[in-house]
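Just below is one structure, and these are the notes that go with it.
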Amino acid sequence: MHRSGPVVMAWNVFKFCTALRAFGSLMILLVLGIVGVSYYAVVVANYGPALGAGGIDSLLALAVLILFHVLLGLLLWSYFSVVFTDPGSVPPNWKPTVDEEIGENAPLTNLDFSNHILNLQQQGHLAETGNPRIRYCRKCNQLKPPRCHHCSVCGRCVLKMDHHCVWVVNCVGALNYKFFLLFLFYTFLETTLVTLSLFPHFIAFFKDVEIPGTPGTLATTFLTFVLNLAFALSVLGFLIMHVSLVAKNTTTIEAYEKKATPRWKYDLGRKKNFEQVFGADKRYWFIPLYSEEDLKRMPALQGLEYPTKPDLDAQ
């Protein structure tokens with residue numbers, strides 16, 4: 001039976017999304033495998049034994065090992081926070097608290113809201129994409145809060161969705177975006193530390209000198225250096241991109257969607273944009289947690305309401 005182009009495309013996308021869900025769980029094992037190899041090369045094979053060498057070598061080894069374990073702890077804490085934190089789901093029966101379509105400030109009653117939405121549906125004014133004041137997801141058959149998007153891999157709408165990341169087997173959204181950024185940050189620092197600490201051992205491979213260690217240990221050291229160098233460079237690119245997004249208070253999806261909109265109503269300035277993701281309490285900026293005070297007084301951290309520039313609210 002012949003299938004039309006759009007039907008074939010939809011079928012292929014469905015298979016791709018299903019494959020991503022199945023493949024995702026393996027990525028956690030891959031991440032832990034890379035961590036394990038790096039731990040063996042740095043701690044067991046090289047700098048652990050150097051602790052007993054005495055002199056400056058022992059002090060250098062101690063400094064590397066302390067920094068390595070601190071960064072590793074923060075990396076794994078951030079990573080599993082992204083993996084196990086729901087990025088943000090639309091609450092059941094969620095509705096806007098005001099009629100944004102006509103600009104009224106008074107809350108809508110349930111009856112008024114239901115009648116208004118029914119009229120919009122009948123008139124075809126609810127859209128899945130674009131920039132309407134009231135947004136509706138035809139796949140989930142529900143209203144979408146501001147900055148919410150549907151994830152085809154997860155099969156649901158995600159609050160302030162940035163992207164679906166196979167490395168964390170989860171969507172990156174309003175409730176775990178900070179944790180994802182910290183994961184990138186500590187991954188870059190850790191892989192850079194491993195690369196620099198193993199660089200002298202890597203250079204020794206190309207010198208006409210005898211290198212202590214078994215063939216397996218030497219091969220692991222060489223592989224670890226190459227892997228961590230590659231990850232440090234690639235993660236640096238992602239980190240720079242996301243720092244730019246945070247500075248403008250936008251997401252990867254929104255950056256693509258708003259190319260034709262030079263003025264972005266959620267851009268409140270770099271300081272406030274930063275606090276929209278990391279919170280205002282400086283004590284929590286570098287750990288995957290929020291203070292109770294920030295969670296209570298900053299609705300943006302809950303993913304349903306976002307402050308905007310008053311002069312751009314009509315966008």
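Quick note on naming: the chains in the structure tokens go A, B, ... in the order shown, residues restart at 1 in each chain, and ligands are numbered from 1 in order of appearance.
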Could I get the residues of region 130-199 of chain A with an atom no further than 12 Å from an atom of region 44-62 of chain A, each paired with its nearest atom pair and that distance in Å to one decimal, using only C-alpha atoms, sorted by chain and residue number, as CSV?
```
residue,atom,partner,partner_atom,distance
A:Val194,CA,A:Tyr47,CA,11.0
A:Ser197,CA,A:Tyr47,CA,8.9
A:Leu198,CA,A:Asn46,CA,8.4
A:Phe199,CA,A:Asn46,CA,11.7
```
Item to complete: Please provide as a list of chain:residue names all residues within 8 Å of region 65-81 of chain A, with the sequence filter that same-chain residues fewer than 4 positions apart are discarded (counting only C-alpha atoms).
Response: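 The filter keeps A:Val42, A:Val43, A:Tyr47, A:Gly48, A:Ala61, A:Thr85, A:Val168, A:Asn176, A:Phe179, A:Phe180, A:Leu182, A:Phe183, A:Tyr186, A:Thr187, A:Leu189, A:Glu190, A:Leu193, A:Val194, A:Ile287, A:Pro288.
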Worksheet item: Rounded to one decimal in Å, what is the spacing between CA of Ala247 (chain A) and CA of Val166 (chain A)?
Response: 24.7 Å
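Every residue of region 21-262 of chain A with a DSSP assignment of strand (DSSP E or B), taken from the backbone, is listed as Ser89, Val98, Pro107, Ala127, Arg135, Tyr136, Cys137, Gln142, Leu143, Lys144, His149, His150, Cys151, Arg156, Cys157, Val158, His163, His164, Cys165, Asn170, Cys171 and Val172 of chain A.
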With only C-alpha atoms as the counted atoms, please give the residues lying no more than 6 Å from region 157-165 of chain A, apart from itself and same-chain residues fewer than 5 positions off, as a compact mmCIF listing (two decimals) with C-alpha atoms, in the first residue's frame.
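To be explicit, this is the file written out as selection.txt:
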```
# COMPACT_ATOMS: atom_id res chain seq x y z
CA GLY A 88 8.06 20.32 34.58
CA SER A 89 4.63 19.04 33.56
CA ARG A 147 7.08 29.00 27.08
CA CYS A 148 5.79 25.41 27.22
CA HIS A 149 6.46 23.02 24.32
CA HIS A 150 5.54 19.46 23.43
CA CYS A 151 8.33 16.84 23.50
CA ASN A 170 15.26 13.29 30.17
CA CYS A 171 13.94 16.57 28.90
CA VAL A 172 15.69 19.73 30.00
CA GLY A 173 13.05 22.19 31.15
CA ALA A 174 12.08 24.74 33.77
CA THR A 251 15.85 28.56 25.46
CA THR A 252 17.22 26.61 22.52
CA ILE A 253 13.72 26.23 21.07
CA GLY A 303 7.80 27.08 35.31
```
Discussion item. Taking only region 116-287 of chain A into account, list the residues labelled helix (DSSP H, G or I) by DSSP (computed from the backbone), as a ChimeraX atom specification.
Written reply: /A:116-123,177-204,215-247,252-257,270-278,282-284
